>>> print(open('entry-v5.cif').read())   # mmCIF, C-alpha atoms
data_structure
loop_
_atom_site.label_atom_id
_atom_site.label_comp_id
_atom_site.auth_asym_id
_atom_site.auth_seq_id
_atom_site.Cartn_x
_atom_site.Cartn_y
_atom_site.Cartn_z
CA MET A 1 0.00 0.00 0.00
CA ALA A 2 2.80 2.37 0.91
CA SER A 3 4.52 1.59 -2.37
CA ALA A 4 1.32 2.21 -4.32
CA ALA A 5 0.77 5.47 -2.48
CA ALA A 6 4.33 6.56 -3.19
CA THR A 7 3.90 5.69 -6.87
CA ALA A 8 0.65 7.65 -7.02
CA HIS A 9 2.36 10.56 -5.28
CA ARG A 10 5.20 10.50 -7.80
CA LYS A 11 2.82 10.37 -10.77
CA GLY A 12 0.42 13.00 -9.45
CA PRO A 13 2.34 16.28 -9.77
CA PRO A 14 3.08 16.12 -13.54
CA ILE A 15 -0.65 15.76 -14.27
CA GLN A 16 -1.49 18.71 -12.03
CA GLU A 17 1.37 20.87 -13.25
CA SER A 18 0.83 20.24 -16.96
CA PRO A 19 -1.69 23.11 -17.42
CA ARG A 20 0.63 25.44 -15.48
CA ALA A 21 3.56 24.38 -17.65
CA LYS A 22 1.46 25.18 -20.74
CA VAL A 23 0.66 28.63 -19.40
CA TRP A 24 4.35 29.35 -18.79
CA LEU A 25 5.15 28.08 -22.29
CA TYR A 26 2.55 30.47 -23.77
CA LEU A 27 3.89 33.34 -21.64
CA THR A 28 7.49 32.69 -22.67
CA LEU A 29 6.68 32.38 -26.37
CA LEU A 30 4.51 35.51 -26.33
CA THR A 31 7.20 37.46 -24.46
CA LEU A 32 9.82 36.53 -27.06
CA GLN A 33 7.45 37.26 -29.95
CA TYR A 34 6.29 40.56 -28.47
CA GLY A 35 9.81 41.70 -27.67
CA ALA A 36 11.35 40.63 -30.99
CA GLN A 37 8.50 41.66 -33.33
CA PRO A 38 9.45 45.35 -33.75
CA LEU A 39 13.09 44.46 -34.45
CA ILE A 40 12.25 41.58 -36.82
CA SER A 41 9.67 43.65 -38.71
CA LYS A 42 12.05 46.58 -39.10
CA ARG A 43 14.84 44.29 -40.31
CA PHE A 44 12.95 41.96 -42.69
CA ILE A 45 10.10 44.07 -44.08
CA ARG A 46 11.63 46.39 -46.67
CA ARG A 47 10.38 49.96 -46.95
CA ASP A 48 8.95 49.32 -50.42
CA VAL A 49 6.73 46.45 -49.21
CA ILE A 50 3.09 47.49 -49.60
CA VAL A 51 1.58 47.76 -46.11
CA THR A 52 -1.79 46.27 -47.07
CA SER A 53 -0.15 43.19 -48.57
CA SER A 54 1.79 42.40 -45.37
CA VAL A 55 -1.29 42.94 -43.17
CA LEU A 56 -3.48 40.74 -45.42
CA ALA A 57 -0.86 37.99 -45.41
CA CYS A 58 -0.71 38.16 -41.62
CA GLU A 59 -4.50 37.86 -41.32
CA MET A 60 -4.53 34.81 -43.58
CA ALA A 61 -1.74 33.23 -41.53
CA LYS A 62 -3.82 33.81 -38.38
CA VAL A 63 -6.80 32.04 -39.96
CA ILE A 64 -4.66 29.03 -40.89
CA CYS A 65 -3.18 28.80 -37.38
CA ALA A 66 -6.56 29.20 -35.66
CA LEU A 67 -8.28 26.62 -37.90
CA PHE A 68 -5.46 24.15 -37.30
CA LEU A 69 -5.78 24.56 -33.51
CA LEU A 70 -9.58 24.39 -33.70
CA ALA A 71 -9.35 21.14 -35.67
CA LYS A 72 -7.39 19.62 -32.80
CA GLU A 73 -10.22 20.39 -30.33
CA ASP A 74 -13.12 17.99 -29.82
CA SER A 75 -15.56 20.92 -29.89
CA PHE A 76 -14.75 21.88 -33.50
CA LYS A 77 -17.83 20.25 -35.07
CA ARG A 78 -20.14 21.62 -32.39
CA LEU A 79 -18.77 25.15 -32.85
CA CYS A 80 -19.23 24.87 -36.62
CA LYS A 81 -22.88 23.84 -36.17
CA GLU A 82 -23.56 26.69 -33.75
CA TRP A 83 -21.82 29.31 -35.91
CA THR A 84 -23.99 31.86 -37.74
CA LEU A 85 -23.04 34.72 -40.05
CA VAL A 86 -25.18 37.24 -38.15
CA GLY A 87 -23.62 36.19 -34.84
CA ALA A 88 -20.11 36.45 -36.29
CA LEU A 89 -20.70 39.93 -37.71
CA THR A 90 -22.31 41.10 -34.47
CA ALA A 91 -19.47 39.83 -32.31
CA SER A 92 -16.46 40.39 -34.56
CA GLY A 93 -17.38 42.82 -37.33
CA LEU A 94 -16.51 46.18 -35.78
CA PRO A 95 -13.44 44.98 -33.79
CA ALA A 96 -12.12 43.31 -36.95
CA ALA A 97 -12.37 46.50 -39.00
CA ILE A 98 -10.67 48.46 -36.21
CA TYR A 99 -7.86 45.92 -35.84
CA ALA A 100 -7.28 45.93 -39.61
CA LEU A 101 -6.71 49.70 -39.53
CA GLN A 102 -4.58 49.37 -36.37
CA ASN A 103 -2.32 46.75 -37.97
CA SER A 104 -1.77 48.97 -41.01
CA LEU A 105 -0.76 51.88 -38.77
CA LEU A 106 1.64 49.65 -36.81
CA GLN A 107 3.33 48.50 -40.03
CA ILE A 108 3.93 52.16 -40.96
CA SER A 109 5.24 52.98 -37.49
CA TYR A 110 7.64 49.98 -37.43
CA LYS A 111 9.61 51.50 -40.29
CA ASN A 112 10.04 54.95 -38.76
CA LEU A 113 10.84 54.34 -35.08
CA ASP A 114 13.54 52.37 -33.35
CA SER A 115 12.25 49.14 -31.79
CA LEU A 116 12.33 50.16 -28.12
CA THR A 117 10.68 53.54 -28.71
CA PHE A 118 7.94 51.81 -30.66
CA SER A 119 7.41 49.17 -27.93
CA ILE A 120 7.19 51.76 -25.15
CA LEU A 121 4.73 54.00 -27.01
CA ASN A 122 2.68 50.95 -27.95
CA GLN A 123 2.01 50.30 -24.24
CA THR A 124 -0.27 53.36 -24.06
CA LYS A 125 -2.95 50.97 -25.34
CA LEU A 126 -3.29 49.92 -21.68
CA PHE A 127 -4.59 53.41 -20.87
CA PHE A 128 -7.05 53.43 -23.76
CA THR A 129 -8.23 49.89 -22.99
CA ALA A 130 -9.02 50.98 -19.42
CA PHE A 131 -10.81 54.08 -20.73
CA PHE A 132 -13.00 52.20 -23.22
CA THR A 133 -13.78 49.28 -20.91
CA TYR A 134 -15.10 51.85 -18.45
CA LEU A 135 -17.25 53.51 -21.13
CA ILE A 136 -18.53 50.28 -22.72
CA LEU A 137 -18.58 47.80 -19.82
CA GLY A 138 -18.63 50.12 -16.80
CA GLN A 139 -15.41 48.51 -15.53
CA LYS A 140 -13.95 50.82 -12.87
CA GLN A 141 -10.30 51.43 -11.99
CA SER A 142 -8.82 51.63 -8.50
CA PRO A 143 -7.08 54.88 -7.42
CA LYS A 144 -3.70 53.14 -7.75
CA GLN A 145 -4.59 51.99 -11.27
CA ILE A 146 -5.53 55.55 -12.22
CA GLY A 147 -2.15 56.70 -10.89
CA ALA A 148 -0.43 53.95 -12.90
CA LEU A 149 -2.20 55.02 -16.08
CA THR A 150 -1.15 58.61 -15.42
CA LEU A 151 2.46 57.41 -15.18
CA LEU A 152 2.03 55.68 -18.52
CA ILE A 153 0.82 58.85 -20.25
CA VAL A 154 3.65 60.89 -18.70
CA ALA A 155 6.14 58.36 -20.08
CA ALA A 156 4.54 58.52 -23.54
CA ILE A 157 4.64 62.34 -23.59
CA LEU A 158 8.25 62.37 -22.39
CA LEU A 159 9.27 59.87 -25.03
CA SER A 160 7.31 61.50 -27.86
CA VAL A 161 8.64 64.99 -27.19
CA GLY A 162 12.17 63.74 -26.51
CA GLU A 163 12.46 61.46 -29.52
CA SER A 164 11.00 63.96 -31.99
CA SER A 165 13.24 66.79 -30.71
CA GLY A 166 16.25 64.47 -30.66
CA LYS A 167 15.66 63.48 -34.26
CA ALA A 168 15.21 67.12 -35.16
CA SER A 169 18.63 68.04 -33.86
CA ALA A 170 20.23 65.08 -35.62
CA SER A 171 18.58 65.36 -39.02
CA SER A 172 15.87 67.03 -41.07
CA ASN A 173 13.56 64.00 -40.82
CA SER A 174 11.86 65.02 -37.56
CA ASP A 175 8.55 65.53 -39.35
CA GLN A 176 8.73 62.01 -40.77
CA VAL A 177 9.43 60.55 -37.30
CA LEU A 178 6.44 62.40 -35.85
CA LEU A 179 3.97 61.90 -38.72
CA TYR A 180 4.91 58.36 -39.73
CA GLY A 181 6.28 56.99 -36.46
CA ILE A 182 4.85 58.52 -33.29
CA ILE A 183 1.37 59.55 -34.47
CA PRO A 184 0.52 56.21 -36.16
CA VAL A 185 1.50 54.14 -33.10
CA MET A 186 -0.49 56.43 -30.78
CA ILE A 187 -3.59 56.22 -32.99
CA ALA A 188 -3.08 52.45 -33.15
CA SER A 189 -3.04 52.37 -29.33
CA VAL A 190 -6.38 54.20 -29.20
CA LEU A 191 -7.85 51.74 -31.74
CA SER A 192 -6.39 48.78 -29.85
CA GLY A 193 -8.06 49.93 -26.63
CA LEU A 194 -11.42 50.32 -28.37
CA ALA A 195 -11.19 46.97 -30.18
CA SER A 196 -10.09 45.14 -27.00
CA SER A 197 -13.09 46.49 -25.13
CA LEU A 198 -15.44 45.47 -27.93
CA CYS A 199 -13.90 41.97 -27.99
CA GLN A 200 -14.35 41.69 -24.24
CA TRP A 201 -17.99 42.69 -24.62
CA ALA A 202 -18.48 40.19 -27.44
CA SER A 203 -16.86 37.33 -25.52
CA GLN A 204 -19.15 37.98 -22.55
CA VAL A 205 -22.28 38.18 -24.69
CA LYS A 206 -21.55 35.65 -27.44
CA LYS A 207 -19.34 33.26 -25.45
CA HIS A 208 -16.98 32.83 -28.43
CA THR A 209 -13.68 30.98 -28.00
CA SER A 210 -10.51 32.92 -28.79
CA TYR A 211 -9.90 30.76 -31.89
CA ILE A 212 -13.37 31.44 -33.35
CA MET A 213 -12.94 35.16 -32.67
CA THR A 214 -9.55 35.09 -34.40
CA VAL A 215 -10.96 33.41 -37.53
CA GLU A 216 -13.97 35.73 -37.71
CA MET A 217 -11.99 38.90 -37.14
CA SER A 218 -9.28 37.93 -39.62
CA PHE A 219 -11.85 37.25 -42.33
CA VAL A 220 -13.83 40.45 -41.72
CA GLY A 221 -10.65 42.52 -41.38
CA SER A 222 -9.31 41.09 -44.64
CA LEU A 223 -12.55 41.95 -46.43
CA CYS A 224 -12.32 45.53 -45.11
CA LEU A 225 -8.72 45.82 -46.32
CA LEU A 226 -9.59 44.39 -49.73
CA ALA A 227 -12.47 46.86 -50.05
CA SER A 228 -10.10 49.72 -49.15
CA THR A 229 -7.75 48.80 -52.02
CA TYR A 230 -10.39 49.91 -54.53
CA LYS A 231 -9.42 53.58 -54.08
CA SER A 232 -6.42 53.62 -51.70
CA PRO A 233 -2.78 54.31 -52.70
CA ASP A 234 -1.93 50.78 -51.54
CA GLY A 235 -4.55 49.37 -53.89
CA GLU A 236 -3.10 51.31 -56.81
CA ALA A 237 0.41 50.09 -55.89
CA ILE A 238 -0.78 46.46 -55.75
CA ARG A 239 -2.43 46.75 -59.16
CA LYS A 240 0.67 48.42 -60.62
CA TYR A 241 3.50 46.40 -59.03
CA GLY A 242 1.80 43.23 -57.78
CA PHE A 243 0.73 41.97 -54.35
CA PHE A 244 4.21 40.77 -53.33
CA HIS A 245 6.12 43.86 -54.47
CA GLY A 246 9.24 44.30 -52.32
CA TRP A 247 8.81 40.91 -50.63
CA THR A 248 11.67 38.49 -50.00
CA VAL A 249 11.68 35.08 -48.38
CA TRP A 250 12.63 36.82 -45.14
CA THR A 251 9.43 38.89 -45.19
CA LEU A 252 7.53 35.75 -44.23
CA ILE A 253 9.28 35.63 -40.83
CA PRO A 254 7.67 38.77 -39.27
CA VAL A 255 4.35 37.98 -40.98
CA VAL A 256 4.15 34.47 -39.49
CA MET A 257 5.51 35.70 -36.13
CA ASN A 258 2.80 38.35 -35.95
CA ALA A 259 0.12 35.77 -36.75
CA VAL A 260 1.37 33.34 -34.09
CA GLY A 261 1.52 36.24 -31.63
CA GLY A 262 -2.16 36.96 -32.28
CA ILE A 263 -3.03 33.36 -31.39
CA LEU A 264 -0.82 33.43 -28.28
CA VAL A 265 -2.47 36.63 -27.03
CA GLY A 266 -5.82 34.82 -26.94
CA LEU A 267 -4.34 31.83 -25.11
CA VAL A 268 -2.49 33.96 -22.55
CA THR A 269 -5.53 36.18 -21.95
CA ALA A 270 -7.62 33.08 -21.27
CA HIS A 271 -5.15 31.63 -18.73
CA ALA A 272 -3.09 34.47 -17.22
CA GLY A 273 -2.61 38.21 -17.05
CA GLY A 274 -0.51 40.07 -19.57
CA GLY A 275 1.57 42.27 -17.24
CA PHE A 276 4.47 39.80 -17.07
CA VAL A 277 4.55 39.58 -20.85
CA ILE A 278 4.56 43.33 -21.45
CA VAL A 279 7.27 44.13 -18.89
CA SER A 280 9.49 41.24 -19.98
CA ALA A 281 8.98 42.03 -23.68
CA LEU A 282 10.16 45.61 -23.22
CA LEU A 283 13.39 44.30 -21.71
CA VAL A 284 13.74 41.74 -24.52
CA THR A 285 13.31 44.51 -27.11
CA ALA A 286 15.98 46.66 -25.45
CA MET A 287 18.41 43.74 -25.24
CA LEU A 288 17.87 42.57 -28.84
CA GLN A 289 18.17 46.10 -30.20
CA PHE A 290 21.54 46.47 -28.47
CA ILE A 291 22.79 43.00 -29.53
CA PHE A 292 21.77 43.11 -33.21
CA ASP A 293 21.81 46.82 -34.01
CA GLY A 294 24.49 47.88 -31.52
CA LYS A 295 22.16 50.68 -30.50
CA PRO A 296 21.84 51.43 -26.77
CA PRO A 297 18.57 52.97 -25.51
CA SER A 298 18.38 56.75 -25.78
CA VAL A 299 18.25 58.96 -22.67
CA TYR A 300 14.51 59.41 -23.22
CA CYS A 301 13.96 55.63 -23.45
CA LEU A 302 15.97 55.10 -20.27
CA ALA A 303 13.81 57.70 -18.52
CA ALA A 304 10.52 56.35 -19.88
CA LEU A 305 11.21 52.62 -19.46
CA PRO A 306 11.07 52.48 -15.62
CA LEU A 307 7.92 54.63 -15.67
CA VAL A 308 6.22 52.22 -18.06
CA ILE A 309 7.35 49.11 -16.14
CA SER A 310 6.22 50.61 -12.82
CA SER A 311 2.90 51.61 -14.36
CA ILE A 312 2.18 48.12 -15.70
CA VAL A 313 3.22 46.37 -12.45
CA ILE A 314 1.07 48.71 -10.30
CA TYR A 315 -1.89 48.41 -12.70
CA GLN A 316 -1.81 44.59 -12.59
CA LYS A 317 -1.20 44.36 -8.84
CA TYR A 318 -3.91 46.69 -7.54
CA PRO A 319 -7.19 46.02 -9.40
CA TYR A 320 -10.44 47.69 -8.47
CA VAL A 321 -12.33 45.92 -5.68
CA ALA A 322 -15.98 46.80 -5.17
CA ARG A 323 -16.82 47.71 -1.60
CA LYS A 324 -19.47 45.60 0.10
CA LYS A 325 -22.48 47.59 1.19
CA GLU A 326 -23.05 47.52 4.94
CA ASP A 327 -26.50 46.47 6.10
#
>>> encode(input="entry-v5.cif", output="structure tokens")
Amino acid sequence: MASAAATAHRKGPPIQESPRAKVWLYLTLLTLQYGAQPLISKRFIRRDVIVTSSVLACEMAKVICALFLLAKEDSFKRLCKEWTLVGALTASGLPAAIYALQNSLLQISYKNLDSLTFSILNQTKLFFTAFFTYLILGQKQSPKQIGALTLLIVAAILLSVGESSGKASASSNSDQVLLYGIIPVMIASVLSGLASSLCQWASQVKKHTSYIMTVEMSFVGSLCLLASTYKSPDGEAIRKYGFFHGWTVWTLIPVVMNAVGGILVGLVTAHAGGGFVIVSALLVTAMLQFIFDGKPPSVYCLAALPLVISSIVIYQKYPYVARKKED
């Protein structure tokens, strides 16, 4: 009996720890993807690559990944039977269109900011997510969270003003940095906050899995992008030069990485918070930028980085707790 109990004890922990090990695997992979994505995109997506083509390719890669993972689940057939076009458009239509525009803006910003500056400014989406979840879902923030979000905005202002003025003193391209680097990533952060809140609302109402949401949003977003090519400069460029103009074999790396990252975000959100990922990814970005580009963080990045990290840690650690009414 003792031997059997010992055997059961030895076999027990791996079964219990397997889900936790999966979560840590997702967190680690997402951290590496999130931290390396700006650097990889800047290095492997040439400036003459048409933005719409890279975003469309990424959305199609997301669909393939999500369908593959759905096929591995036992609930795939049931989900297919329950799926309706009206339900999909209601839950995913507007967020998909917003995310499609956001992704296009991020692709523009990648090319005009250094990787760490981009990553830090991109974290302002936490502020806008909190703002829109309050407006749409009535989700309140604790006083400490409000203070953390204020820190985040201070860091973004410091970095934006510092980087644009620094570029101005170094070259005549300060307007390009502001118009095609800082402004696009800030608008993308606003859109990300809005879309995240809408997705949260849809998941609560429609009870969609993250994979189904990914497939629906990728399809709808792709249709929106294709419709935009009818009159947009990108559409004219695609018709003139071809869909894969400026592409190389290496262009597939950031496209596939971005798609896998989209899947991992859903998995991590379902199992754990994202604060660890964001903080760790910022450090990964700084380290990779120094290793591969030989570029140390600027003074403004060094000043903004601890503000952003502190903001994210405080925001995750001190959530709003509703007070119980006394009888």
>>> residues_around(input="entry-v5.cif", residues="Thr129 of chain A", least_positions_apart="4", cutoff="8 Å", atoms="all atoms listed in the file", output="ChimeraX atom specification")
/A:125,133,190,192-194,196-197
>>> resolve_selection(input="entry-v5.cif", expression="the PyMOL selection byres ((chain A and resi 95) around 8)", output="list in words")
Ser92, Gly93, Leu94, Ala96, Ala97, Ile98, Tyr99, Leu194, Ala195, Ser196, Leu198, Cys199 and Met217 of chain A
>>> atom_distance(input="entry-v5.cif", atom1="atom CA of Asn112 of chain A", atom2="atom CA of Ala286 of chain A")
16.8 Å
>>> atom_distance(input="entry-v5.cif", atom1="atom CA of Val321 of chain A", atom2="atom CA of Leu151 of chain A")
21.0 Å
>>> closest_residue(input="entry-v5.cif", among="A:Ile120, A:Leu226, A:Met257, A:Met213", to="Leu89 of chain A", atoms="all atoms listed in the file")
A:Met213
>>> residues_around(input="entry-v5.cif", residues="Leu179 of chain A", least_positions_apart="2", cutoff="12 Å", atoms="only C-alpha atoms", output="PyMOL selection string")
chain A and resi 105+108-109+111-113+160+164+173-177+181-187
>>> residues_near_point(input="entry-v5.cif", point="(1.7, 49.1, -25.4)", cutoff="8 Å", atoms="only C-alpha atoms", output="list in words")
Ser119, Ile120, Leu121, Asn122, Gln123, Thr124, Lys125, Leu126, Ser189 and Ile278 of chain A
>>> atom_distance(input="entry-v5.cif", atom1="atom CA of Pro296 of chain A", atom2="atom CA of Ser311 of chain A")
22.6 Å
>>> residues_around(input="entry-v5.cif", residues="Tyr110 of chain A", least_positions_apart="5", cutoff="8 Å", atoms="only C-alpha atoms", output="PyMOL selection string")
chain A and resi 38+41-42+115+118+181
>>> residues_around(input="entry-v5.cif", residues="Leu307 of chain A", least_positions_apart="5", cutoff="10 Å", atoms="only C-alpha atoms", output="JSON, numbers by chain")
{"A": [120, 148, 150, 151, 152, 153, 154, 155, 156, 301, 302, 312]}
>>> residues_around(input="entry-v5.cif", residues="Lys144 of chain A", least_positions_apart="6", cutoff="8 Å", atoms="all atoms listed in the file", output="number ranges by chain")
A: 314-315, 318
>>> closest_residue(input="entry-v5.cif", among="A:Leu264, A:Tyr320, A:Arg78, A:Thr52", to="Glu236 of chain A", atoms="all atoms listed in the file")
A:Thr52
>>> resolve_selection(input="entry-v5.cif", expression="the PyMOL selection byres ((chain A and resi 282) around 9)", output="list of chain:residue names")
A:Thr31, A:Tyr34, A:Gly35, A:Leu116, A:Ser119, A:Ile120, A:Val277, A:Ile278, A:Val279, A:Ser280, A:Ala281, A:Leu283, A:Val284, A:Thr285, A:Ala286, A:Met287, A:Leu305, A:Ile309
>>> resolve_selection(input="entry-v5.cif", expression="the PyMOL selection byres ((chain A and resi 223) around 12)", output="PDB file with C-alpha atoms, in the coordinates of the input")
ATOM      1  CA  THR A  52      -1.790  46.270 -47.070  1.00  0.00           C
ATOM      2  CA  VAL A  55      -1.290  42.940 -43.170  1.00  0.00           C
ATOM      3  CA  LEU A  56      -3.480  40.740 -45.420  1.00  0.00           C
ATOM      4  CA  GLU A  59      -4.500  37.860 -41.320  1.00  0.00           C
ATOM      5  CA  MET A  60      -4.530  34.810 -43.580  1.00  0.00           C
ATOM      6  CA  GLY A  93     -17.380  42.820 -37.330  1.00  0.00           C
ATOM      7  CA  ALA A  96     -12.120  43.310 -36.950  1.00  0.00           C
ATOM      8  CA  ALA A  97     -12.370  46.500 -39.000  1.00  0.00           C
ATOM      9  CA  ALA A 100      -7.280  45.930 -39.610  1.00  0.00           C
ATOM     10  CA  LEU A 101      -6.710  49.700 -39.530  1.00  0.00           C
ATOM     11  CA  GLU A 216     -13.970  35.730 -37.710  1.00  0.00           C
ATOM     12  CA  MET A 217     -11.990  38.900 -37.140  1.00  0.00           C
ATOM     13  CA  SER A 218      -9.280  37.930 -39.620  1.00  0.00           C
ATOM     14  CA  PHE A 219     -11.850  37.250 -42.330  1.00  0.00           C
ATOM     15  CA  VAL A 220     -13.830  40.450 -41.720  1.00  0.00           C
ATOM     16  CA  GLY A 221     -10.650  42.520 -41.380  1.00  0.00           C
ATOM     17  CA  SER A 222      -9.310  41.090 -44.640  1.00  0.00           C
ATOM     18  CA  CYS A 224     -12.320  45.530 -45.110  1.00  0.00           C
ATOM     19  CA  LEU A 225      -8.720  45.820 -46.320  1.00  0.00           C
ATOM     20  CA  LEU A 226      -9.590  44.390 -49.730  1.00  0.00           C
ATOM     21  CA  ALA A 227     -12.470  46.860 -50.050  1.00  0.00           C
ATOM     22  CA  SER A 228     -10.100  49.720 -49.150  1.00  0.00           C
ATOM     23  CA  THR A 229      -7.750  48.800 -52.020  1.00  0.00           C
ATOM     24  CA  TYR A 230     -10.390  49.910 -54.530  1.00  0.00           C
TER      25      TYR A 230
END
>>> closest_residue(input="entry-v5.cif", among="A:Lys72, A:Tyr180, A:Phe44, A:Cys80", to="Val215 of chain A", atoms="all atoms listed in the file")
A:Cys80
>>> closest_residue(input="entry-v5.cif", among="A:Val260, A:Ala304, A:Val23, A:Ala322", to="Phe68 of chain A", atoms="all atoms listed in the file")
A:Val260
>>> closest_residue(input="entry-v5.cif", among="A:Leu27, A:Arg47, A:Leu39, A:Ser53", to="Asp234 of chain A", atoms="only C-alpha atoms")
A:Ser53
